[in-house]
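Reviewing the structure listed below.
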Amino acid sequence: MCAAMKRSALGRGLDALITMDDLKTGGSSSISEIELNKIHPNPDQPRSVFEEEALEELATSIRALGVIQPITLKEISRNNYMIISGERRYRASLMAGLERIPAYIKTAEDDNVMEMALIENIQREDLNSIEIALAYQKLIDIYGLTQERLSERVGKKRTTIANYLRLLKLPAEVQMGLKDKKIDMGHARALISVDDPGVQLALYEQVLIDGLSVRNVEELVRNNADKPAKAQTPKEKKAKLPEEYNSLQEHLSRFFRTPVELTYNKKGKGKITIPFNSEEELEKVIGLLDKMK
């Protein structure tokens, strides 16, 4: 790079030093500075969770360095734009107090915008498993794609896509647990191999209560393959509790923000179990106990 080119690039800031060769959305595009109040999120954005702490970290970076990678927009009417990709950067820029943001303005047919947004976001690393599965399902439903054709469009193996889609067959409670990171993909895959939704829920509750590893769950599934009733033990124990004990258990679970287990025997003896998965969670439980004092 000659000295004149270096001066020119540095004069435009860090954005000029970042290549956008990996941005492939189809259609033609131009880059502009767009006012944030003219930009609207895409209602078909596959990501439904934006962590506040991560956004604040990005906003801090943007305050210091600006928006290094432009977002991608489509003009939906004169001076009104919809986000195709880059909603995290858009939200963080709002938090940082920016008025304008660099953006690629794409020209694309209306029926391609959703597909472009879904595929670009799927290819990112920060969607949770359920968001990815729902995005795959939406592409299949809207465009009538087979799993094989979808794998070609998003650059993923067909078996990978099939594994994500199977997650949508899990009970809603388990899907929410995966989405909220109470369990991980390995737990979910083990639960998928169980046919009975009731057993899936029972095993899911046992994971939360006992902090079971993926290997533990796989072993439980194998051991109970021919004995589904045994796998339902956690749910059966809960069902035997008197109504007032159930109410107390639910109240404690809400208070400690974790699935508290209350058990007792015919003699009236029992125990209350407050699970935690990390030192940080334990400190929160201790803090709540201190408040009770």
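By convention here, the chains of the structure tokens are called A, B, ... in the order presented, each chain's residues are numbered starting at 1, and ligands are numbered starting at 1 in the order presented.
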Subject >> Every residue of segment 72-272 of chain A that DSSP places in helix (DSSP H, G or I), as a PyMOL selection string >> reply: chain A and resi 87-96+110-122+129-143+147-154+158-169+172-179+185-192+197-210+214-223+228-231+233-240+243-256
**OP:** Excluding Asn37 of chain A and residues on its chain fewer than 2 positions from it, collect all residues at most 9 Å away from it, counting only C-alpha atoms, and give them as a ChimeraX atom specification.
**Re:** /A:34-35,39-40,80,99-100
**OP:** Please provide the set of residues having any atom within 8 Å of Met82 of chain A, restricted to only C-alpha atoms, with same-chain residues fewer than 6 positions apart removed, written as a PyMOL selection string.
**Re:** chain A and resi 39-42+73-76
Original post:
Pick the closest to Ala64 of chain A from A:Asn265, A:Gln137, A:Ser93, A:Asn128: which is it, counting only C-alpha atoms?
Top reply: A:Ser93
Original post:
Which of segment 35-270 of chain A counts as strand (DSSP E or B) under DSSP, as a ChimeraX atom specification please?
Top reply: /A:35,39-40,71-77,80-85,100-107,261-264,270
Original post:
Which of these, A:Glu152, A:Glu281, A:Asp196, A:Glu244, has the shortest distance to Arg257 of chain A once you count only C-alpha atoms?
Top reply: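 That would be A:Glu281, the residue with the smallest distance to Arg257 of chain A.
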Subject >> Proximity to Tyr104 of chain A - best of A:Gly144, A:Pro43, A:Tyr136, A:Ser32, only C-alpha atoms >> reply: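 Using only C-alpha atoms, Tyr104 of chain A sits closest to A:Ser32.
With only C-alpha atoms taken into account, the protein and nucleic acid residues at most 10 Å from Asn163 of chain A (excluding it and anything under 3 positions from it in its own chain) are Ala133, Arg158, Thr159, Thr160, Arg166, Leu167, Leu168, Met185, Arg189 and Ile192 of chain A.
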May I have the residues within 12 Å of Gly211 of chain A as a PDB file with C-alpha atoms, in the first residue's frame, using only C-alpha atoms and disregarding those fewer than 3 positions away in the same chain?
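File produced: selection.pdb:
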ATOM      1  CA  LYS A 182     -30.436 -24.344  31.526  1.00  0.00           C
ATOM      2  CA  ILE A 183     -29.373 -27.358  29.458  1.00  0.00           C
ATOM      3  CA  ASP A 184     -27.095 -27.620  26.458  1.00  0.00           C
ATOM      4  CA  HIS A 187     -28.682 -32.856  26.911  1.00  0.00           C
ATOM      5  CA  LEU A 203     -35.583 -36.460  32.727  1.00  0.00           C
ATOM      6  CA  TYR A 204     -35.355 -32.728  32.022  1.00  0.00           C
ATOM      7  CA  GLU A 205     -36.499 -31.948  35.570  1.00  0.00           C
ATOM      8  CA  GLN A 206     -33.957 -34.420  36.903  1.00  0.00           C
ATOM      9  CA  VAL A 207     -31.208 -32.621  34.953  1.00  0.00           C
ATOM     10  CA  LEU A 208     -32.219 -29.324  36.566  1.00  0.00           C
ATOM     11  CA  VAL A 214     -24.827 -35.136  29.257  1.00  0.00           C
ATOM     12  CA  ARG A 215     -23.221 -38.523  29.940  1.00  0.00           C
ATOM     13  CA  ASN A 216     -25.495 -38.999  32.980  1.00  0.00           C
ATOM     14  CA  VAL A 217     -28.572 -38.339  30.853  1.00  0.00           C
ATOM     15  CA  THR A 258     -34.004 -22.352  40.629  1.00  0.00           C
ATOM     16  CA  PRO A 259     -36.033 -25.608  40.702  1.00  0.00           C
ATOM     17  CA  THR A 273     -32.904 -29.276  48.046  1.00  0.00           C
ATOM     18  CA  ILE A 274     -31.713 -26.037  46.443  1.00  0.00           C
ATOM     19  CA  PRO A 275     -29.583 -26.919  43.367  1.00  0.00           C
ATOM     20  CA  PHE A 276     -26.870 -24.713  41.882  1.00  0.00           C
ATOM     21  CA  ASN A 277     -24.620 -25.166  38.845  1.00  0.00           C
ATOM     22  CA  SER A 278     -21.769 -22.791  39.679  1.00  0.00           C
TER      23      SER A 278
END
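Minimum atom-to-atom distances from A:Ala92, A:Val154, A:Val285, A:Leu178 to Arg63 of chain A were compared using only C-alpha atoms, and the lowest value belongs to A:Ala92.
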Subject >> For atom CA of Lys284 of chain A and atom CA of Ile130 of chain A, the interatomic separation in Å (one decimal) >> reply: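 Distance between the two atoms: 27.5 Å.
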**OP:** Using only C-alpha atoms, pick whichever of A:Ile132, A:Leu252, A:Ile68, A:Leu55 has the shortest atom-to-atom distance to Lys179 of chain A.
**Re:** A:Ile132
